[in-house]
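Structure below is my_file34.json: JSON, C-alpha atoms and all ligand atoms.
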[["chain", "number", "residue", "atom", "x", "y", "z"],
["A", 20, "MET", "CA", -42.31, -62.09, -31.43],
["A", 21, "HIS", "CA", -39.28, -63.85, -29.98],
["A", 22, "ARG", "CA", -39.50, -62.35, -26.51],
["A", 23, "GLU", "CA", -39.05, -65.01, -23.83],
["A", 24, "ALA", "CA", -40.13, -63.20, -20.68],
["A", 25, "VAL", "CA", -43.30, -61.14, -20.38],
["A", 26, "VAL", "CA", -44.45, -59.12, -17.38],
["A", 27, "THR", "CA", -48.14, -58.53, -16.77],
["A", 28, "PRO", "CA", -50.03, -57.01, -13.82],
["A", 29, "ALA", "CA", -50.99, -60.60, -12.89],
["A", 30, "ASP", "CA", -47.33, -61.20, -11.93],
["A", 31, "LEU", "CA", -47.36, -58.55, -9.23],
["A", 32, "ILE", "CA", -47.95, -58.63, -5.50],
["A", 33, "TRP", "CA", -48.33, -55.20, -3.91],
["A", 34, "PRO", "CA", -46.95, -54.80, -0.35],
["A", 35, "LEU", "CA", -48.90, -52.28, 1.76],
["A", 36, "PHE", "CA", -48.24, -50.82, 5.20],
["A", 37, "VAL", "CA", -51.17, -50.42, 7.60],
["A", 38, "THR", "CA", -51.46, -47.82, 10.35],
["A", 39, "GLU", "CA", -54.05, -46.85, 12.98],
["A", 40, "GLY", "CA", -56.72, -44.23, 12.48],
["A", 41, "GLU", "CA", -59.25, -43.22, 9.88],
["A", 42, "GLY", "CA", -58.50, -41.36, 6.67],
["A", 43, "VAL", "CA", -54.79, -41.48, 7.47],
["A", 44, "GLU", "CA", -52.01, -41.49, 4.88],
["A", 45, "GLU", "CA", -48.50, -41.27, 6.34],
["A", 46, "PRO", "CA", -45.71, -41.03, 3.76],
["A", 47, "VAL", "CA", -42.74, -43.25, 4.63],
["A", 48, "ALA", "CA", -39.69, -40.98, 4.41],
["A", 49, "ALA", "CA", -37.33, -43.86, 3.67],
["A", 50, "LEU", "CA", -39.55, -45.01, 0.78],
["A", 51, "PRO", "CA", -40.49, -41.97, -1.32],
["A", 52, "GLY", "CA", -43.87, -42.58, -2.93],
["A", 53, "VAL", "CA", -44.92, -45.23, -0.38],
["A", 54, "SER", "CA", -47.34, -44.48, 2.46],
["A", 55, "ARG", "CA", -48.82, -46.20, 5.47],
["A", 56, "TRP", "CA", -52.61, -46.25, 5.15],
["A", 57, "SER", "CA", -55.29, -46.60, 7.76],
["A", 58, "VAL", "CA", -57.63, -49.55, 7.26],
["A", 59, "ASP", "CA", -60.12, -47.56, 5.12],
["A", 60, "GLY", "CA", -57.23, -46.49, 2.86],
["A", 61, "ILE", "CA", -56.10, -50.11, 2.57],
["A", 62, "ALA", "CA", -59.58, -51.04, 1.32],
["A", 63, "ALA", "CA", -59.31, -48.25, -1.26],
["A", 64, "ARG", "CA", -55.89, -49.56, -2.38],
["A", 65, "ALA", "CA", -57.46, -53.01, -2.73],
["A", 66, "ARG", "CA", -60.12, -51.61, -5.10],
["A", 67, "GLU", "CA", -57.37, -49.83, -7.02],
["A", 68, "ALA", "CA", -55.39, -53.07, -7.29],
["A", 69, "VAL", "CA", -58.40, -54.96, -8.62],
["A", 70, "ALA", "CA", -58.94, -52.28, -11.26],
["A", 71, "LEU", "CA", -55.26, -52.55, -12.24],
["A", 72, "GLY", "CA", -55.32, -56.34, -12.54],
["A", 73, "ILE", "CA", -53.04, -56.95, -9.55],
["A", 74, "PRO", "CA", -54.05, -60.30, -8.05],
["A", 75, "CYS", "CA", -52.65, -60.05, -4.53],
["A", 76, "LEU", "CA", -51.76, -57.66, -1.71],
["A", 77, "ALA", "CA", -49.15, -58.26, 1.02],
["A", 78, "LEU", "CA", -49.92, -56.59, 4.35],
["A", 79, "PHE", "CA", -47.55, -55.25, 7.00],
["A", 80, "PRO", "CA", -48.78, -53.46, 10.13],
["A", 81, "ASN", "CA", -47.12, -50.53, 11.87],
["A", 82, "THR", "CA", -48.08, -51.48, 15.41],
["A", 83, "GLN", "CA", -48.27, -48.67, 17.96],
["A", 84, "ALA", "CA", -45.44, -48.72, 20.52],
["A", 85, "GLU", "CA", -47.86, -49.32, 23.41],
["A", 86, "ARG", "CA", -49.12, -52.51, 21.75],
["A", 87, "ARG", "CA", -45.63, -53.96, 21.34],
["A", 88, "SER", "CA", -44.30, -56.35, 23.96],
["A", 89, "ALA", "CA", -41.37, -58.70, 24.51],
["A", 90, "ASP", "CA", -43.46, -61.68, 23.34],
["A", 91, "GLY", "CA", -45.30, -59.87, 20.54],
["A", 92, "ARG", "CA", -48.68, -61.15, 21.76],
["A", 93, "GLU", "CA", -50.53, -58.44, 19.78],
["A", 94, "ALA", "CA", -49.91, -60.77, 16.81],
["A", 95, "LEU", "CA", -52.53, -63.10, 18.33],
["A", 96, "SER", "CA", -55.24, -60.48, 18.81],
["A", 97, "PRO", "CA", -58.24, -60.98, 16.48],
["A", 98, "ASP", "CA", -58.64, -57.20, 16.34],
["A", 99, "ASN", "CA", -55.07, -56.23, 15.57],
["A", 100, "LEU", "CA", -54.36, -53.94, 12.63],
["A", 101, "MET", "CA", -53.55, -56.83, 10.33],
["A", 102, "CYS", "CA", -56.85, -58.62, 10.97],
["A", 103, "ARG", "CA", -58.88, -55.44, 10.60],
["A", 104, "ALA", "CA", -57.16, -54.73, 7.29],
["A", 105, "ILE", "CA", -57.81, -58.26, 6.03],
["A", 106, "ARG", "CA", -61.50, -58.00, 6.88],
["A", 107, "ALA", "CA", -61.78, -54.55, 5.25],
["A", 108, "ILE", "CA", -60.21, -55.82, 2.02],
["A", 109, "LYS", "CA", -62.46, -58.86, 1.91],
["A", 110, "GLN", "CA", -65.50, -56.68, 2.56],
["A", 111, "ALA", "CA", -64.48, -54.28, -0.23],
["A", 112, "CYS", "CA", -63.34, -56.79, -2.85],
["A", 113, "GLY", "CA", -64.28, -60.31, -1.78],
["A", 114, "ASP", "CA", -62.40, -62.91, -3.78],
["A", 115, "ASP", "CA", -61.42, -60.43, -6.50],
["A", 116, "ILE", "CA", -58.12, -60.00, -4.70],
["A", 117, "GLY", "CA", -55.88, -62.29, -2.68],
["A", 118, "VAL", "CA", -54.52, -61.28, 0.70],
["A", 119, "LEU", "CA", -51.05, -62.49, 1.66],
["A", 120, "THR", "CA", -50.13, -61.98, 5.30],
["A", 121, "ASP", "CA", -46.69, -61.84, 6.85],
["A", 122, "VAL", "CA", -46.00, -64.22, 9.71],
["A", 123, "ALA", "CA", -43.17, -63.00, 11.97],
["A", 124, "LEU", "CA", -43.23, -61.20, 15.28],
["A", 125, "ASP", "CA", -41.11, -58.14, 14.45],
["A", 126, "PRO", "CA", -44.02, -55.71, 13.94],
["A", 127, "TYR", "CA", -45.25, -56.64, 17.43],
["A", 128, "THR", "CA", -42.12, -57.09, 19.56],
["A", 129, "SER", "CA", -40.65, -54.35, 21.71],
["A", 130, "HIS", "CA", -37.16, -55.48, 20.62],
["A", 131, "GLY", "CA", -37.84, -55.71, 16.88],
["A", 132, "GLN", "CA", -36.70, -59.33, 16.49],
["A", 133, "ASP", "CA", -38.89, -61.76, 14.51],
["A", 134, "GLY", "CA", -39.14, -64.15, 17.46],
["A", 135, "LEU", "CA", -38.99, -64.59, 21.22],
["A", 136, "ILE", "CA", -35.59, -63.93, 22.77],
["A", 137, "ASP", "CA", -33.71, -65.22, 25.82],
["A", 138, "GLU", "CA", -31.93, -63.01, 28.38],
["A", 139, "ALA", "CA", -28.93, -62.73, 26.09],
["A", 140, "GLY", "CA", -31.13, -61.59, 23.20],
["A", 141, "TYR", "CA", -30.78, -64.88, 21.29],
["A", 142, "VAL", "CA", -33.87, -65.73, 19.23],
["A", 143, "LEU", "CA", -35.49, -68.96, 20.43],
["A", 144, "ASN", "CA", -36.57, -71.12, 17.50],
["A", 145, "ASP", "CA", -39.06, -73.59, 18.97],
["A", 146, "ALA", "CA", -40.82, -71.27, 21.40],
["A", 147, "THR", "CA", -41.22, -68.80, 18.54],
["A", 148, "VAL", "CA", -42.81, -71.42, 16.29],
["A", 149, "ASP", "CA", -45.69, -71.82, 18.78],
["A", 150, "MET", "CA", -46.38, -68.08, 18.56],
["A", 151, "LEU", "CA", -46.16, -68.12, 14.76],
["A", 152, "VAL", "CA", -48.75, -70.89, 14.57],
["A", 153, "GLY", "CA", -51.12, -68.76, 16.65],
["A", 154, "GLN", "CA", -50.40, -65.74, 14.47],
["A", 155, "ALA", "CA", -51.08, -67.70, 11.27],
["A", 156, "LEU", "CA", -54.36, -69.11, 12.62],
["A", 157, "ASN", "CA", -55.42, -65.62, 13.64],
["A", 158, "GLN", "CA", -54.78, -64.30, 10.13],
["A", 159, "ALA", "CA", -56.53, -67.25, 8.47],
["A", 160, "ALA", "CA", -59.57, -66.77, 10.69],
["A", 161, "ALA", "CA", -59.71, -63.10, 9.59],
["A", 162, "GLY", "CA", -59.75, -64.19, 5.93],
["A", 163, "ALA", "CA", -56.13, -64.34, 4.73],
["A", 164, "ASP", "CA", -55.71, -66.37, 1.53],
["A", 165, "ILE", "CA", -51.96, -66.95, 1.68],
["A", 166, "ILE", "CA", -49.87, -67.21, 4.84],
["A", 167, "ALA", "CA", -46.33, -65.98, 4.26],
["A", 168, "PRO", "CA", -43.92, -66.84, 7.08],
["A", 169, "SER", "CA", -40.98, -64.44, 6.85],
["A", 170, "ASP", "CA", -39.44, -65.30, 10.21],
["A", 171, "MET", "CA", -37.01, -68.04, 9.04],
["A", 172, "MET", "CA", -37.52, -70.27, 12.11],
["A", 173, "ASP", "CA", -36.91, -73.95, 11.35],
["A", 174, "GLY", "CA", -39.95, -76.21, 11.39],
["A", 175, "ARG", "CA", -42.57, -73.48, 11.20],
["A", 176, "ILE", "CA", -44.02, -74.52, 7.85],
["A", 177, "ALA", "CA", -44.96, -78.01, 9.07],
["A", 178, "ALA", "CA", -46.39, -76.62, 12.30],
["A", 179, "ILE", "CA", -48.45, -73.96, 10.50],
["A", 180, "ARG", "CA", -49.68, -76.40, 7.81],
["A", 181, "THR", "CA", -50.86, -78.91, 10.42],
["A", 182, "ALA", "CA", -52.58, -76.23, 12.47],
["A", 183, "LEU", "CA", -54.33, -74.80, 9.40],
["A", 184, "GLU", "CA", -55.67, -78.25, 8.45],
["A", 185, "ASP", "CA", -56.83, -78.93, 12.00],
["A", 186, "ALA", "CA", -58.63, -75.58, 12.15],
["A", 187, "GLY", "CA", -60.51, -76.17, 8.89],
["A", 188, "HIS", "CA", -58.38, -73.84, 6.76],
["A", 189, "ALA", "CA", -57.34, -76.51, 4.27],
["A", 190, "ASN", "CA", -57.56, -74.10, 1.34],
["A", 191, "VAL", "CA", -55.31, -71.43, 2.84],
["A", 192, "GLN", "CA", -51.98, -71.51, 1.02],
["A", 193, "ILE", "CA", -48.48, -71.06, 2.36],
["A", 194, "MET", "CA", -45.90, -68.99, 0.52],
["A", 195, "SER", "CA", -42.77, -69.42, 2.55],
["A", 196, "TYR", "CA", -39.98, -66.90, 2.64],
["A", 197, "ALA", "CA", -37.74, -69.95, 2.21],
["A", 198, "ALA", "CA", -34.47, -68.29, 1.23],
["A", 199, "LYS", "CA", -34.39, -65.05, 3.12],
["A", 200, "TYR", "CA", -31.02, -63.42, 3.59],
["A", 201, "ALA", "CA", -29.79, -61.28, 6.48],
["A", 202, "SER", "CA", -29.73, -58.30, 4.17],
["A", 203, "ALA", "CA", -28.83, -54.63, 4.40],
["A", 204, "PHE", "CA", -31.64, -53.98, 1.92],
["A", 205, "TYR", "CA", -34.42, -54.19, 4.54],
["A", 206, "GLY", "CA", -33.57, -50.85, 6.18],
["A", 207, "PRO", "CA", -36.43, -48.75, 4.78],
["A", 208, "PHE", "CA", -38.98, -51.50, 5.58],
["A", 209, "ARG", "CA", -37.97, -51.45, 9.24],
["A", 210, "HIS", "CA", -38.69, -47.72, 9.27],
["A", 211, "ALA", "CA", -42.06, -48.35, 7.64],
["A", 212, "VAL", "CA", -43.20, -50.89, 10.26],
["A", 213, "GLY", "CA", -41.57, -48.97, 13.11],
["A", 214, "SER", "CA", -39.11, -51.65, 14.20],
["A", 215, "SER", "CA", -35.86, -49.98, 13.18],
["A", 216, "GLY", "CA", -35.73, -47.72, 16.24],
["A", 217, "VAL", "CA", -36.10, -50.63, 18.65],
["A", 218, "LEU", "CA", -34.07, -53.35, 16.89],
["A", 219, "LYS", "CA", -30.80, -54.12, 18.63],
["A", 220, "GLY", "CA", -28.21, -56.19, 16.85],
["A", 221, "ASP", "CA", -29.05, -58.08, 13.69],
["A", 222, "LYS", "CA", -30.99, -61.12, 12.46],
["A", 223, "LYS", "CA", -28.04, -63.24, 11.45],
["A", 224, "THR", "CA", -28.86, -66.16, 13.75],
["A", 225, "TYR", "CA", -31.93, -66.98, 11.67],
["A", 226, "GLN", "CA", -31.69, -65.17, 8.33],
["A", 227, "MET", "CA", -29.15, -66.44, 5.81],
["A", 228, "ASP", "CA", -25.57, -65.46, 5.05],
["A", 229, "PRO", "CA", -25.52, -63.60, 1.69],
["A", 230, "ALA", "CA", -22.51, -65.72, 0.74],
["A", 231, "ASN", "CA", -24.50, -68.99, 0.72],
["A", 232, "GLY", "CA", -26.29, -70.49, -2.26],
["A", 233, "GLU", "CA", -26.38, -74.20, -1.42],
["A", 234, "GLU", "CA", -27.89, -73.40, 1.94],
["A", 235, "ALA", "CA", -30.76, -71.69, 0.12],
["A", 236, "LEU", "CA", -31.49, -74.96, -1.68],
["A", 237, "ARG", "CA", -31.53, -76.83, 1.65],
["A", 238, "GLU", "CA", -33.89, -74.24, 3.16],
["A", 239, "VAL", "CA", -36.23, -74.50, 0.18],
["A", 240, "ALA", "CA", -36.17, -78.32, 0.26],
["A", 241, "MET", "CA", -37.20, -78.30, 3.93],
["A", 242, "ASP", "CA", -40.03, -75.82, 3.44],
["A", 243, "LEU", "CA", -41.42, -77.74, 0.46],
["A", 244, "ALA", "CA", -41.21, -81.04, 2.33],
["A", 245, "GLU", "CA", -43.07, -79.41, 5.22],
["A", 246, "GLY", "CA", -45.94, -78.25, 2.99],
["A", 247, "ALA", "CA", -45.14, -74.88, 1.43],
["A", 248, "ASP", "CA", -47.13, -74.32, -1.79],
["A", 249, "THR", "CA", -44.85, -71.61, -3.07],
["A", 250, "VAL", "CA", -41.40, -70.37, -2.10],
["A", 251, "MET", "CA", -39.88, -66.93, -2.05],
["A", 252, "VAL", "CA", -36.36, -65.64, -2.49],
["A", 253, "LYS", "CA", -35.56, -62.38, -0.79],
["A", 254, "PRO", "CA", -34.09, -59.80, -1.53],
["A", 255, "GLY", "CA", -34.66, -59.87, -5.27],
["A", 256, "LEU", "CA", -32.15, -58.54, -7.78],
["A", 257, "PRO", "CA", -28.95, -59.30, -5.82],
["A", 258, "TYR", "CA", -30.19, -62.91, -5.51],
["A", 259, "LEU", "CA", -31.46, -63.67, -9.02],
["A", 260, "ASP", "CA", -28.99, -66.55, -9.22],
["A", 261, "ILE", "CA", -30.70, -68.11, -6.19],
["A", 262, "ALA", "CA", -34.17, -67.70, -7.72],
["A", 263, "ARG", "CA", -32.88, -69.41, -10.85],
["A", 264, "ARG", "CA", -31.26, -72.30, -8.97],
["A", 265, "VAL", "CA", -34.39, -72.86, -6.89],
["A", 266, "LYS", "CA", -36.59, -72.86, -9.98],
["A", 267, "GLU", "CA", -34.35, -75.32, -11.84],
["A", 268, "ARG", "CA", -33.93, -77.65, -8.88],
["A", 269, "PHE", "CA", -37.50, -77.81, -7.59],
["A", 270, "GLU", "CA", -39.81, -76.77, -10.45],
["A", 271, "VAL", "CA", -42.28, -75.06, -8.15],
["A", 272, "PRO", "CA", -43.64, -71.50, -8.24],
["A", 273, "VAL", "CA", -40.85, -69.16, -7.10],
["A", 274, "PHE", "CA", -41.54, -65.58, -6.12],
["A", 275, "ALA", "CA", -38.99, -62.85, -5.52],
["A", 276, "TYR", "CA", -39.33, -59.91, -3.17],
["A", 277, "GLN", "CA", -37.88, -56.73, -4.67],
["A", 278, "VAL", "CA", -37.39, -55.32, -1.20],
["A", 279, "SER", "CA", -37.53, -51.85, 0.27],
["A", 280, "GLY", "CA", -33.83, -51.08, -0.23],
["A", 281, "GLU", "CA", -34.10, -52.04, -3.89],
["A", 282, "TYR", "CA", -37.11, -49.74, -4.32],
["A", 283, "ALA", "CA", -35.24, -46.97, -2.49],
["A", 284, "MET", "CA", -32.21, -47.34, -4.77],
["A", 285, "ILE", "CA", -34.36, -46.87, -7.86],
["A", 286, "GLU", "CA", -36.12, -43.86, -6.36],
["A", 287, "ALA", "CA", -32.79, -42.34, -5.25],
["A", 288, "ALA", "CA", -31.41, -42.68, -8.76],
["A", 289, "VAL", "CA", -34.53, -41.02, -10.16],
["A", 290, "ALA", "CA", -34.34, -38.20, -7.59],
["A", 291, "ALA", "CA", -30.69, -37.63, -8.54],
["A", 292, "GLY", "CA", -31.71, -37.30, -12.17],
["A", 293, "ALA", "CA", -29.53, -40.30, -12.92],
["A", 294, "ALA", "CA", -32.03, -42.67, -14.47],
["A", 295, "ASP", "CA", -35.50, -43.22, -15.89],
["A", 296, "ARG", "CA", -37.91, -44.69, -13.35],
["A", 297, "ASP", "CA", -40.31, -46.34, -15.77],
["A", 298, "ALA", "CA", -37.55, -48.02, -17.73],
["A", 299, "MET", "CA", -35.85, -49.31, -14.58],
["A", 300, "VAL", "CA", -39.08, -50.60, -13.09],
["A", 301, "LEU", "CA", -40.00, -52.55, -16.20],
["A", 302, "GLU", "CA", -36.46, -53.80, -16.83],
["A", 303, "THR", "CA", -36.04, -55.11, -13.29],
["A", 304, "LEU", "CA", -39.44, -56.83, -13.34],
["A", 305, "THR", "CA", -38.60, -58.43, -16.68],
["A", 306, "ALA", "CA", -35.33, -59.69, -15.22],
["A", 307, "PHE", "CA", -37.25, -61.53, -12.48],
["A", 308, "LYS", "CA", -39.44, -63.23, -15.07],
["A", 309, "ARG", "CA", -36.41, -64.14, -17.19],
["A", 310, "ALA", "CA", -34.77, -65.68, -14.13],
["A", 311, "GLY", "CA", -37.75, -67.98, -13.73],
["A", 312, "CYS", "CA", -39.89, -66.23, -11.14],
["A", 313, "SER", "CA", -43.66, -66.66, -11.27],
["A", 314, "GLY", "CA", -44.11, -63.22, -9.79],
["A", 315, "VAL", "CA", -42.63, -60.37, -7.80],
["A", 316, "LEU", "CA", -43.52, -58.53, -4.62],
["A", 317, "THR", "CA", -42.77, -54.89, -5.42],
["A", 318, "TYR", "CA", -43.62, -51.49, -3.99],
["A", 319, "HIS", "CA", -43.80, -50.34, -7.61],
["A", 320, "ALA", "CA", -46.68, -52.75, -8.32],
["A", 321, "ALA", "CA", -49.41, -50.16, -8.95],
["A", 322, "HIS", "CA", -47.08, -47.97, -10.99],
["A", 323, "ALA", "CA", -45.87, -50.94, -13.03],
["A", 324, "ALA", "CA", -49.42, -52.14, -13.63],
["A", 325, "ARG", "CA", -50.30, -48.67, -14.97],
["A", 326, "LEU", "CA", -47.24, -48.72, -17.24],
["A", 327, "LEU", "CA", -48.28, -52.13, -18.49],
["A", 328, "GLY", "CA", -51.55, -50.58, -19.53],
["A", 329, "ALA", "CA", -53.99, -52.51, -17.41],
["B", 1, "LIG", "C1", -40.20, -59.18, 8.69],
["B", 1, "LIG", "C2", -39.99, -58.77, 7.28],
["B", 1, "LIG", "C3", -38.97, -57.97, 6.77],
["B", 1, "LIG", "C4", -39.28, -57.75, 5.43],
["B", 1, "LIG", "C5", -40.46, -58.45, 5.15],
["B", 1, "LIG", "N1", -40.89, -59.08, 6.31],
["B", 1, "LIG", "C6", -37.82, -57.32, 7.43],
["B", 1, "LIG", "C7", -36.83, -58.07, 8.18],
["B", 1, "LIG", "O1", -36.74, -59.31, 8.09],
["B", 1, "LIG", "O2", -36.13, -57.42, 8.95],
["B", 1, "LIG", "C8", -38.47, -56.88, 4.51],
["B", 1, "LIG", "C9", -39.19, -56.32, 3.34],
["B", 1, "LIG", "C10", -38.52, -55.17, 2.67],
["B", 1, "LIG", "O3", -37.39, -54.76, 3.02],
["B", 1, "LIG", "O4", -39.15, -54.62, 1.76],
["B", 1, "LIG", "N2", -39.80, -60.40, 9.09]]

Take the structure in the file and write it out as structure tokens.
Amino acid sequence: MHREAVVTPADLIWPLFVTEGEGVEEPVAALPGVSRWSVDGIAARAREAVALGIPCLALFPNTQAERRSADGREALSPDNLMCRAIRAIKQACGDDIGVLTDVALDPYTSHGQDGLIDEAGYVLNDATVDMLVGQALNQAAAGADIIAPSDMMDGRIAAIRTALEDAGHANVQIMSYAAKYASAFYGPFRHAVGSSGVLKGDKKTYQMDPANGEEALREVAMDLAEGADTVMVKPGLPYLDIARRVKERFEVPVFAYQVSGEYAMIEAAVAAGAADRDAMVLETLTAFKRAGCSGVLTYHAAHAARLLGA
């Protein structure tokens, strides 16, 4: 009766990995219990999500090596994996489910960075923003409901918002990965999208220093001023203080991404017989709500929705 924070399936966004083929399910070794699905399987997951009361899916493509390039131009192709998956979901479920699409070049670049690089490998902010705008427009044209830039380039929210308006996509939302840290917790994700083998170096010139909290507030302020509808803090549990500060300062919807390394830690503890999966899943999700988050991106979304008795 006195409980302050409540988790429901409506709080969950389910990240899914897309792969080529038909009838394909490829388990991701680094994420036990998570698979890459071909487009038909993605449509089936969308139907499952609707039945479970999950309101939104987040899509990430595993682009074949031969379609990756230095400039990541596959991101602009209207028939890339991401666009085919969006169309399949919309065909299967229409507006019963939202589709959130990641904007960043790392699933498409031969070097695994989120943007274009110079000869020294330094990621070029402004040239990258032009590509990201094209990528976002491509996703919106395929039917994406929410554009989620995860690249951390400066100025991309304003550029994407303006381009969406000009192209007639006024109702497409932007959820910006506003405070995204250069984190060790993304390792399993990079395996899942196939960028870990090719990535040289790190992403510290554009993702944030885990030591900085005030900087997160400045990043969020910029993205909101530029037109973000919603902001995200990422990773999740190690950065609950940031989610809380953002919520208190800006009073906007804040989402947290319980990232791949966090999922893998829970699964490793379960595999070691050290802890109870269901209890940890529900406790961590409750902690996000208590911290002030509107919702959580989690690979445990379908499992959690079942536990919550949808
Ligand atoms: C790509 C992107 C990453 C994640 C989401 N979008 C990885 C990265 O920035 O290297 C991580 C998600 C996860 O670890 O679950 N820009």

- Message: Which residues are near ligand LIG 1 (chain B) - at most 10 Å, using all atoms listed in the file? Format: as a PyMOL selection string.
- Response: chain A and resi 34+50+77-79+120-126+131-134+167-171+196+199-212+214-215+218+221-222+225-226+253-255+276-283+316-318

Of A:Glu245, A:Asp228, A:Glu23, A:Asp149, the one sitting nearest Ser195 of chain A when using all atoms listed in the file is A:Glu245

request  = Give me the residues within 10 Å of Asp260 of chain A as an MDAnalysis selection string, counting only C-alpha atoms and dropping any in the same chain fewer than 4 places off.
outcome  = chainID A and resid 232 255:256 264:266 310:311

As a check of understanding: the span from atom CA of Asp173 of chain A to atom CA of Ala235 of chain A is 13.0 Å

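Nearest residue to Gly220 of chain A, choosing from A:Val142, A:Ile116, A:Ala24, A:Leu95 and counting only C-alpha atoms: A:Val142.
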